[in-house]
>>> print(open('data30.csv').read())   # CSV, C-alpha atoms
chain,number,residue,atom,x,y,z
A,1,MET,CA,1.7,4.1,-4.2
A,2,LYS,CA,2.7,0.6,-5.1
A,3,HIS,CA,5.9,0.5,-3.1
A,4,PHE,CA,4.2,-1.4,-0.3
A,5,LEU,CA,4.2,-4.6,-2.2
A,6,LEU,CA,6.2,-7.4,-1.1
A,7,SER,CA,11.6,-2.7,0.1
A,8,ILE,CA,21.8,1.6,2.2
A,9,SER,CA,25.5,2.0,2.5
A,10,ILE,CA,28.3,0.5,4.5
A,11,LEU,CA,27.3,-1.6,7.6
A,12,ILE,CA,29.6,-0.8,10.5
A,13,ALA,CA,31.6,-3.9,11.1
A,14,PHE,CA,31.6,-3.8,14.9
A,15,LYS,CA,27.8,-3.3,15.0
A,16,THR,CA,26.9,-6.2,12.6
A,17,GLY,CA,29.9,-8.5,12.7
A,18,PHE,CA,30.3,-8.3,8.9
A,19,SER,CA,33.6,-7.5,7.2
A,20,GLN,CA,33.7,-5.3,4.1
A,21,SER,CA,34.1,-8.4,2.0
A,22,ASP,CA,30.8,-9.8,3.3
A,23,LEU,CA,28.9,-6.8,1.8
A,24,THR,CA,27.6,-6.5,-1.8
A,25,PRO,CA,27.2,-2.9,-3.0
A,26,HIS,CA,24.2,-1.7,-5.0
A,27,TYR,CA,23.6,1.7,-6.5
A,28,PHE,CA,20.2,3.0,-7.9
A,29,LYS,CA,20.7,5.9,-10.2
A,30,GLU,CA,17.0,6.8,-10.2
A,31,ILE,CA,17.2,8.1,-6.7
A,32,GLY,CA,20.9,8.3,-6.1
A,33,LEU,CA,20.9,5.6,-3.4
A,34,SER,CA,23.8,3.4,-2.5
A,35,ILE,CA,23.5,0.4,-0.2
A,36,LYS,CA,25.6,-2.6,0.8
A,37,VAL,CA,23.8,-5.9,1.5
A,38,PRO,CA,25.3,-8.6,3.7
A,39,SER,CA,26.1,-11.7,1.7
A,40,LYS,CA,23.8,-13.9,3.8
A,41,PHE,CA,20.9,-12.3,2.0
A,42,GLU,CA,20.0,-13.7,-1.4
A,43,ILE,CA,18.7,-11.6,-4.3
A,44,VAL,CA,15.1,-12.5,-5.2
A,45,GLU,CA,14.9,-13.5,-8.8
A,46,SER,CA,12.4,-11.4,-10.9
A,47,ASP,CA,10.0,-14.3,-11.5
A,48,GLU,CA,9.7,-15.0,-7.8
A,49,ASP,CA,9.4,-11.3,-7.1
A,50,GLU,CA,6.6,-11.0,-9.6
A,51,LYS,CA,4.7,-13.8,-7.9
A,52,LEU,CA,5.0,-12.1,-4.6
A,53,ARG,CA,3.9,-8.8,-6.1
A,54,LEU,CA,0.8,-10.4,-7.6
A,55,LYS,CA,0.0,-12.2,-4.4
A,56,GLY,CA,0.2,-8.8,-2.5
A,57,GLU,CA,-1.9,-7.1,-5.1
A,58,LYS,CA,-4.7,-9.7,-4.8
A,59,LEU,CA,-4.6,-9.5,-1.0
A,60,LEU,CA,-5.0,-5.7,-1.1
A,61,GLU,CA,-7.6,-5.7,-3.9
A,62,GLY,CA,-9.7,-8.3,-2.1
A,63,ALA,CA,-9.6,-6.7,1.3
A,64,ASN,CA,-10.2,-3.1,0.0
A,65,ASN,CA,-12.4,-3.7,-3.0
A,66,VAL,CA,-10.1,-1.8,-5.3
A,67,GLN,CA,-8.2,-2.4,-8.5
A,68,ILE,CA,-4.5,-1.9,-8.3
A,69,ASP,CA,-2.3,-1.0,-11.3
A,70,ALA,CA,1.3,-1.6,-10.5
A,71,SER,CA,2.5,-1.6,-14.1
A,72,SER,CA,4.6,1.6,-13.7
A,73,MET,CA,6.3,0.4,-10.5
A,74,LYS,CA,10.0,-0.5,-10.9
A,75,ASN,CA,11.5,-3.0,-8.4
A,76,LEU,CA,15.1,-1.8,-7.8
A,77,LEU,CA,16.1,-4.7,-5.4
A,78,SER,CA,14.5,-7.5,-3.5
A,79,ILE,CA,16.4,-9.6,-1.0
A,80,LYS,CA,15.5,-12.3,1.5
A,81,GLN,CA,16.9,-14.6,4.1
A,82,GLY,CA,14.7,-17.6,4.7
A,83,GLN,CA,11.0,-17.7,3.8
A,84,PHE,CA,9.7,-14.9,5.9
A,85,ASN,CA,12.4,-12.3,6.0
A,86,TYR,CA,12.2,-10.0,3.0
A,87,MET,CA,13.0,-6.5,1.8
A,88,ASN,CA,12.3,-4.7,-1.4
A,89,ILE,CA,13.1,-1.2,-2.7
A,90,THR,CA,10.8,0.2,-5.4
A,91,VAL,CA,10.1,3.4,-7.3
A,92,THR,CA,7.0,4.4,-9.1
A,93,PRO,CA,6.9,7.6,-11.3
A,94,TYR,CA,4.6,10.0,-9.5
A,95,LYS,CA,2.7,12.3,-11.9
A,96,GLU,CA,1.3,14.6,-9.2
A,97,THR,CA,3.7,17.3,-8.1
A,98,SER,CA,2.1,18.1,-4.8
A,99,GLU,CA,3.6,16.8,-1.6
A,100,ASP,CA,0.2,17.1,0.0
A,101,GLU,CA,-1.4,14.9,-2.6
A,102,TRP,CA,1.3,12.3,-2.2
A,103,GLU,CA,0.8,12.4,1.6
A,104,LYS,CA,-2.9,11.8,1.2
A,105,GLN,CA,-2.3,8.8,-1.1
A,106,ASN,CA,0.4,7.5,1.3
A,107,LYS,CA,-2.1,7.6,4.2
A,108,GLU,CA,-4.6,5.6,2.0
A,109,VAL,CA,-1.9,3.0,1.3
A,110,LYS,CA,-1.3,2.6,5.1
A,111,ASN,CA,-5.0,2.2,5.7
A,112,MET,CA,-5.3,-0.4,3.0
A,113,LEU,CA,-2.4,-2.4,4.4
A,114,TYR,CA,-4.0,-2.3,7.9
A,115,LYS,CA,-7.4,-3.4,6.5
A,116,SER,CA,-5.8,-6.2,4.5
A,117,PHE,CA,-4.2,-7.7,7.6
A,118,VAL,CA,-7.2,-7.2,9.9
A,119,GLU,CA,-9.1,-9.4,7.4
A,120,LYS,CA,-6.5,-12.2,8.0
A,121,VAL,CA,-5.9,-11.9,11.8
A,122,THR,CA,-8.0,-10.5,14.6
A,123,LEU,CA,-7.9,-6.8,15.3
A,124,GLN,CA,-6.4,-7.2,18.7
A,125,ASN,CA,-3.4,-9.0,17.2
A,126,ILE,CA,-2.3,-5.9,15.2
A,127,ASP,CA,-0.4,-2.8,16.4
A,128,THR,CA,0.6,0.0,14.2
A,129,THR,CA,2.8,3.1,14.6
A,130,SER,CA,3.4,5.9,12.1
A,131,THR,CA,6.4,8.1,12.6
A,132,SER,CA,9.2,9.6,10.5
A,133,ILE,CA,12.8,8.5,10.1
A,134,ASN,CA,15.8,10.3,8.8
A,135,VAL,CA,18.0,8.3,6.5
A,136,ASP,CA,21.2,10.1,5.5
A,137,GLY,CA,19.4,13.5,5.6
A,138,VAL,CA,16.3,12.2,3.7
A,139,LEU,CA,13.1,12.2,5.8
A,140,PHE,CA,10.8,9.2,5.3
A,141,ASP,CA,7.4,8.4,6.5
A,142,ARG,CA,7.8,5.2,8.6
A,143,PHE,CA,4.8,2.9,9.1
A,144,GLU,CA,5.2,-0.2,11.2
A,145,MET,CA,2.8,-3.1,11.8
A,146,THR,CA,3.3,-5.7,14.5
A,147,ILE,CA,1.2,-8.8,13.7
A,148,ARG,CA,0.9,-11.5,16.3
A,149,ILE,CA,0.3,-14.6,14.3
A,150,ASN,CA,0.1,-16.9,17.4
A,151,SER,CA,1.5,-17.0,20.9
A,152,SER,CA,5.0,-17.7,19.8
A,153,MET,CA,5.2,-16.0,16.4
A,154,THR,CA,5.2,-12.2,15.6
A,155,MET,CA,5.7,-10.6,12.3
A,156,LYS,CA,7.0,-7.1,11.8
A,157,MET,CA,6.3,-5.1,8.6
A,158,LEU,CA,7.9,-1.8,8.0
A,159,LEU,CA,7.1,0.6,5.1
A,160,LEU,CA,9.4,3.6,4.5
A,161,SER,CA,7.9,6.0,2.0
A,162,LYS,CA,9.0,9.2,0.4
A,163,PHE,CA,8.0,11.5,-2.5
A,164,TYR,CA,11.5,11.8,-3.9
A,165,LYS,CA,12.9,13.0,-7.2
A,166,GLY,CA,9.6,12.6,-9.0
A,167,TYR,CA,9.0,9.1,-7.6
A,168,ASP,CA,6.9,7.4,-5.0
A,169,PHE,CA,9.9,5.8,-3.4
A,170,GLY,CA,9.5,2.9,-0.9
A,171,ILE,CA,11.5,0.5,1.1
A,172,ALA,CA,9.3,-2.3,2.5
A,173,TYR,CA,10.5,-5.1,4.7
A,174,THR,CA,9.0,-7.9,6.8
A,175,TYR,CA,10.6,-10.3,9.2
A,176,LEU,CA,9.8,-12.9,11.8
A,177,ASP,CA,13.4,-13.3,13.1
A,178,LYS,CA,14.4,-10.3,15.3
A,179,ALA,CA,18.1,-10.7,14.6
A,180,ILE,CA,17.5,-10.6,10.8
A,181,GLY,CA,15.2,-7.6,11.5
A,182,LYS,CA,18.1,-5.7,13.1
A,183,GLU,CA,20.2,-6.5,10.0
A,184,LEU,CA,17.5,-5.1,7.7
A,185,ASP,CA,17.2,-2.0,10.0
A,186,ASN,CA,21.0,-1.6,9.7
A,187,ILE,CA,20.8,-1.7,5.9
A,188,VAL,CA,18.3,1.1,6.0
A,189,HIS,CA,20.1,3.2,8.6
A,190,ASN,CA,23.4,3.0,6.8
A,191,ALA,CA,21.9,4.1,3.4
A,192,LYS,CA,23.8,6.9,1.5
A,193,PHE,CA,22.1,9.3,-0.9
A,194,GLU,CA,23.9,11.5,-3.5
A,195,LYS,CA,23.6,15.1,-2.4
>>> encode(input="data30.csv", output="structure tokens")
Amino acid sequence: MKHFLLSISILIAFKTGFSQSDLTPHYFKEIGLSIKVPSKFEIVESDEDEKLRLKGEKLLEGANNVQIDASSMKNLLSIKQGQFNYMNITVTPYKETSEDEWEKQNKEVKNMLYKSFVEKVTLQNIDTTSTSINVDGVLFDRFEMTIRINSSMTMKMLLLSKFYKGYDFGIAYTYLDKAIGKELDNIVHNAKFEK
């Protein structure tokens, strides 16, 4: 449930303009995920990532009058480019074995995210969509928020969630720059999972 806090294999060179040497591979054994990240993205250090996580927790707790315990969440990778373009990949051991229970909690998470942003910007400045996305044969819940900050600035936030291999598995990313957003989308769409 905590994967929403501020989360995919070879990028095709002709689509992104990156050569193989411009990509850094990452493998996450917990979920059997392989990704390659363009070198222009920097890895977020654990202390900075912890500050971002705590800030996100406080935002959610305050807007939703809840207490969040993210102590079991494991951050697999956080990357950024600039101040407002960020992705993180997390897993949280999920004790429940029911897909239905996970889906119920995932819906609650999306409602909490929405409520948290409505508190910061007006309701008419937020659009949401909830769909699904297939990433290398793995079907994720995809929640997207478009937040109009002002007349010239729009932020996108995407949350891909999955009850997978005993984990609440999430990939969350936000961006202001559309070109960087496409690069983050490419990282996700080119993910590879062990079968």
>>> closest_residue(input="data30.csv", among="A:Glu50, A:Glu57, A:Glu119, A:Asp141", to="Asp168 in chain A", atoms="all atoms listed in the file")
A:Asp141
>>> atom_distance(input="data30.csv", atom1="CA of Leu60 in chain A", atom2="CA of Ser46 in chain A")
20.8 Å
>>> closest_residue(input="data30.csv", among="A:Met153, A:Glu42, A:Val135, A:Lys58", to="Asn88 in chain A", atoms="only C-alpha atoms")
A:Glu42
>>> atom_distance(input="data30.csv", atom1="CA of Glu103 in chain A", atom2="CA of Ser71 in chain A")
21.1 Å
>>> atom_distance(input="data30.csv", atom1="CA of Lys120 in chain A", atom2="CA of Arg148 in chain A")
11.1 Å
>>> residues_around(input="data30.csv", residues="Gln124 in chain A", least_positions_apart="2", cutoff="12 Å", atoms="only C-alpha atoms", output="mmCIF file with C-alpha atoms, in the frame of the given file")
data_model
loop_
_atom_site.group_PDB
_atom_site.id
_atom_site.type_symbol
_atom_site.label_atom_id
_atom_site.label_comp_id
_atom_site.auth_asym_id
_atom_site.auth_seq_id
_atom_site.Cartn_x
_atom_site.Cartn_y
_atom_site.Cartn_z
ATOM 1 C CA PHE A 117 -4.200 -7.700 7.600
ATOM 2 C CA VAL A 118 -7.200 -7.200 9.900
ATOM 3 C CA GLU A 119 -9.100 -9.400 7.400
ATOM 4 C CA LYS A 120 -6.500 -12.200 8.000
ATOM 5 C CA VAL A 121 -5.900 -11.900 11.800
ATOM 6 C CA THR A 122 -8.000 -10.500 14.600
ATOM 7 C CA ILE A 126 -2.300 -5.900 15.200
ATOM 8 C CA ASP A 127 -0.400 -2.800 16.400
ATOM 9 C CA THR A 128 0.600 0.000 14.200
ATOM 10 C CA THR A 146 3.300 -5.700 14.500
ATOM 11 C CA ILE A 147 1.200 -8.800 13.700
ATOM 12 C CA ARG A 148 0.900 -11.500 16.300
ATOM 13 C CA ILE A 149 0.300 -14.600 14.300
ATOM 14 C CA ASN A 150 0.100 -16.900 17.400
#
>>> axis_aligned_box(input="data30.csv", around="range 50-55 of chain A", padding_each_side="3 Å", output="JSON")
{"center_x": 3.3, "center_y": -11.3, "center_z": -7.0, "size_x": 12.6, "size_y": 11.0, "size_z": 11.2}
>>> closest_residue(input="data30.csv", among="A:Phe28, A:Tyr173, A:Phe84, A:Phe143", to="Tyr114 in chain A", atoms="all atoms listed in the file")
A:Phe143
>>> closest_residue(input="data30.csv", among="A:Thr174, A:Glu183, A:Lys195, A:Phe169", to="Trp102 in chain A", atoms="all atoms listed in the file")
A:Phe169
>>> decode(input="data30.csv", residues="range 13-130 of chain A", atoms="C-alpha atoms", output="PDB file, in the first residue's frame")
ATOM      1  CA  ALA A  13      17.556   3.162 -29.585  1.00  0.00           C
ATOM      2  CA  PHE A  14      15.581   4.534 -32.518  1.00  0.00           C
ATOM      3  CA  LYS A  15      12.654   5.472 -30.233  1.00  0.00           C
ATOM      4  CA  THR A  16      14.624   7.225 -27.529  1.00  0.00           C
ATOM      5  CA  GLY A  17      17.877   8.275 -29.144  1.00  0.00           C
ATOM      6  CA  PHE A  18      19.986   6.422 -26.557  1.00  0.00           C
ATOM      7  CA  SER A  19      22.669   3.929 -27.417  1.00  0.00           C
ATOM      8  CA  GLN A  20      23.188   0.795 -25.356  1.00  0.00           C
ATOM      9  CA  SER A  21      26.123   2.443 -23.565  1.00  0.00           C
ATOM     10  CA  ASP A  22      23.815   5.223 -22.338  1.00  0.00           C
ATOM     11  CA  LEU A  23      21.726   2.739 -20.353  1.00  0.00           C
ATOM     12  CA  THR A  24      22.414   1.416 -16.869  1.00  0.00           C
ATOM     13  CA  PRO A  25      20.941  -2.020 -16.113  1.00  0.00           C
ATOM     14  CA  HIS A  26      19.175  -2.797 -12.826  1.00  0.00           C
ATOM     15  CA  TYR A  27      17.791  -6.114 -11.633  1.00  0.00           C
ATOM     16  CA  PHE A  28      15.455  -6.642  -8.674  1.00  0.00           C
ATOM     17  CA  LYS A  29      15.398 -10.261  -7.532  1.00  0.00           C
ATOM     18  CA  GLU A  30      12.356  -9.821  -5.251  1.00  0.00           C
ATOM     19  CA  ILE A  31      10.102  -9.512  -8.289  1.00  0.00           C
ATOM     20  CA  GLY A  32      12.374 -10.695 -11.107  1.00  0.00           C
ATOM     21  CA  LEU A  33      12.372  -7.290 -12.798  1.00  0.00           C
ATOM     22  CA  SER A  34      15.086  -6.014 -15.140  1.00  0.00           C
ATOM     23  CA  ILE A  35      15.242  -2.421 -16.312  1.00  0.00           C
ATOM     24  CA  LYS A  36      17.729  -0.141 -18.017  1.00  0.00           C
ATOM     25  CA  VAL A  37      17.819   3.513 -17.067  1.00  0.00           C
ATOM     26  CA  PRO A  38      19.151   6.275 -19.352  1.00  0.00           C
ATOM     27  CA  SER A  39      22.342   7.812 -17.962  1.00  0.00           C
ATOM     28  CA  LYS A  40      20.798  11.299 -17.848  1.00  0.00           C
ATOM     29  CA  PHE A  41      18.745  10.149 -14.829  1.00  0.00           C
ATOM     30  CA  GLU A  42      20.524  10.235 -11.498  1.00  0.00           C
ATOM     31  CA  ILE A  43      20.025   7.750  -8.700  1.00  0.00           C
ATOM     32  CA  VAL A  44      18.391   9.361  -5.677  1.00  0.00           C
ATOM     33  CA  GLU A  45      20.510   8.762  -2.587  1.00  0.00           C
ATOM     34  CA  SER A  46      18.820   6.974   0.322  1.00  0.00           C
ATOM     35  CA  ASP A  47      18.839  10.009   2.657  1.00  0.00           C
ATOM     36  CA  GLU A  48      17.139  12.219   0.038  1.00  0.00           C
ATOM     37  CA  ASP A  49      14.702   9.441  -0.780  1.00  0.00           C
ATOM     38  CA  GLU A  50      13.847   9.079   2.915  1.00  0.00           C
ATOM     39  CA  LYS A  51      13.101  12.816   3.153  1.00  0.00           C
ATOM     40  CA  LEU A  52      10.779  12.574   0.148  1.00  0.00           C
ATOM     41  CA  ARG A  53       9.055   9.526   1.635  1.00  0.00           C
ATOM     42  CA  LEU A  54       8.463  11.268   4.958  1.00  0.00           C
ATOM     43  CA  LYS A  55       7.144  14.372   3.205  1.00  0.00           C
ATOM     44  CA  GLY A  56       4.724  12.205   1.210  1.00  0.00           C
ATOM     45  CA  GLU A  57       3.605  10.387   4.348  1.00  0.00           C
ATOM     46  CA  LYS A  58       2.863  13.661   6.138  1.00  0.00           C
ATOM     47  CA  LEU A  59       0.888  14.954   3.163  1.00  0.00           C
ATOM     48  CA  LEU A  60      -1.234  11.789   3.040  1.00  0.00           C
ATOM     49  CA  GLU A  61      -1.689  11.568   6.803  1.00  0.00           C
ATOM     50  CA  GLY A  62      -2.758  15.193   7.106  1.00  0.00           C
ATOM     51  CA  ALA A  63      -5.217  15.159   4.220  1.00  0.00           C
ATOM     52  CA  ASN A  64      -6.773  11.816   5.124  1.00  0.00           C
ATOM     53  CA  ASN A  65      -6.575  11.806   8.930  1.00  0.00           C
ATOM     54  CA  VAL A  66      -4.748   8.459   8.966  1.00  0.00           C
ATOM     55  CA  GLN A  67      -1.522   7.074  10.371  1.00  0.00           C
ATOM     56  CA  ILE A  68       0.774   5.495   7.769  1.00  0.00           C
ATOM     57  CA  ASP A  69       3.322   2.834   8.647  1.00  0.00           C
ATOM     58  CA  ALA A  70       5.767   2.419   5.765  1.00  0.00           C
ATOM     59  CA  SER A  71       8.357   0.562   7.827  1.00  0.00           C
ATOM     60  CA  SER A  72       8.061  -2.646   5.787  1.00  0.00           C
ATOM     61  CA  MET A  73       8.280  -0.894   2.417  1.00  0.00           C
ATOM     62  CA  LYS A  74      11.503  -1.505   0.502  1.00  0.00           C
ATOM     63  CA  ASN A  75      12.627   1.053  -2.041  1.00  0.00           C
ATOM     64  CA  LEU A  76      14.231  -0.793  -4.944  1.00  0.00           C
ATOM     65  CA  LEU A  77      15.192   2.241  -7.007  1.00  0.00           C
ATOM     66  CA  SER A  78      14.554   5.980  -7.157  1.00  0.00           C
ATOM     67  CA  ILE A  79      15.715   8.105 -10.077  1.00  0.00           C
ATOM     68  CA  LYS A  80      15.269  11.734 -11.006  1.00  0.00           C
ATOM     69  CA  GLN A  81      16.086  14.307 -13.622  1.00  0.00           C
ATOM     70  CA  GLY A  82      15.843  17.827 -12.344  1.00  0.00           C
ATOM     71  CA  GLN A  83      13.755  18.760  -9.341  1.00  0.00           C
ATOM     72  CA  PHE A  84      10.301  17.653 -10.471  1.00  0.00           C
ATOM     73  CA  ASN A  85      10.818  14.546 -12.629  1.00  0.00           C
ATOM     74  CA  TYR A  86      11.030  11.493 -10.400  1.00  0.00           C
ATOM     75  CA  MET A  87      10.397   7.731 -10.427  1.00  0.00           C
ATOM     76  CA  ASN A  88      10.547   5.132  -7.711  1.00  0.00           C
ATOM     77  CA  ILE A  89      10.000   1.399  -7.598  1.00  0.00           C
ATOM     78  CA  THR A  90       8.949  -0.180  -4.309  1.00  0.00           C
ATOM     79  CA  VAL A  91       7.822  -3.470  -2.846  1.00  0.00           C
ATOM     80  CA  THR A  92       5.993  -4.014   0.422  1.00  0.00           C
ATOM     81  CA  PRO A  93       5.427  -7.526   1.755  1.00  0.00           C
ATOM     82  CA  TYR A  94       1.692  -8.114   1.590  1.00  0.00           C
ATOM     83  CA  LYS A  95       0.370 -10.420   4.277  1.00  0.00           C
ATOM     84  CA  GLU A  96      -3.101 -10.837   2.804  1.00  0.00           C
ATOM     85  CA  THR A  97      -3.330 -13.529   0.161  1.00  0.00           C
ATOM     86  CA  SER A  98      -6.557 -12.323  -1.439  1.00  0.00           C
ATOM     87  CA  GLU A  99      -6.378 -10.402  -4.711  1.00  0.00           C
ATOM     88  CA  ASP A 100      -9.778  -8.898  -3.801  1.00  0.00           C
ATOM     89  CA  GLU A 101      -8.446  -7.525  -0.508  1.00  0.00           C
ATOM     90  CA  TRP A 102      -5.441  -6.024  -2.288  1.00  0.00           C
ATOM     91  CA  GLU A 103      -7.700  -4.399  -4.909  1.00  0.00           C
ATOM     92  CA  LYS A 104      -9.851  -2.879  -2.142  1.00  0.00           C
ATOM     93  CA  GLN A 105      -6.788  -1.399  -0.425  1.00  0.00           C
ATOM     94  CA  ASN A 106      -5.360  -0.201  -3.739  1.00  0.00           C
ATOM     95  CA  LYS A 107      -8.600   1.693  -4.401  1.00  0.00           C
ATOM     96  CA  GLU A 108      -8.296   3.304  -0.961  1.00  0.00           C
ATOM     97  CA  VAL A 109      -4.741   4.394  -1.812  1.00  0.00           C
ATOM     98  CA  LYS A 110      -5.921   6.066  -5.019  1.00  0.00           C
ATOM     99  CA  ASN A 111      -8.700   7.857  -3.133  1.00  0.00           C
ATOM    100  CA  MET A 112      -6.192   9.055  -0.526  1.00  0.00           C
ATOM    101  CA  LEU A 113      -3.863  10.373  -3.228  1.00  0.00           C
ATOM    102  CA  TYR A 114      -6.690  12.228  -4.904  1.00  0.00           C
ATOM    103  CA  LYS A 115      -7.908  13.734  -1.622  1.00  0.00           C
ATOM    104  CA  SER A 116      -4.363  14.816  -0.727  1.00  0.00           C
ATOM    105  CA  PHE A 117      -3.965  16.795  -3.947  1.00  0.00           C
ATOM    106  CA  VAL A 118      -7.478  18.261  -3.832  1.00  0.00           C
ATOM    107  CA  GLU A 119      -6.453  19.802  -0.517  1.00  0.00           C
ATOM    108  CA  LYS A 120      -3.518  21.565  -2.216  1.00  0.00           C
ATOM    109  CA  VAL A 121      -5.130  22.656  -5.516  1.00  0.00           C
ATOM    110  CA  THR A 122      -8.737  23.251  -6.507  1.00  0.00           C
ATOM    111  CA  LEU A 123     -10.894  20.329  -7.579  1.00  0.00           C
ATOM    112  CA  GLN A 124     -11.323  21.571 -11.148  1.00  0.00           C
ATOM    113  CA  ASN A 125      -7.537  21.511 -11.613  1.00  0.00           C
ATOM    114  CA  ILE A 126      -7.266  17.724 -11.169  1.00  0.00           C
ATOM    115  CA  ASP A 127      -8.187  14.989 -13.634  1.00  0.00           C
ATOM    116  CA  THR A 128      -7.826  11.291 -12.897  1.00  0.00           C
ATOM    117  CA  THR A 129      -8.034   8.117 -14.936  1.00  0.00           C
ATOM    118  CA  SER A 130      -7.810   4.546 -13.797  1.00  0.00           C
TER     119      SER A 130
END
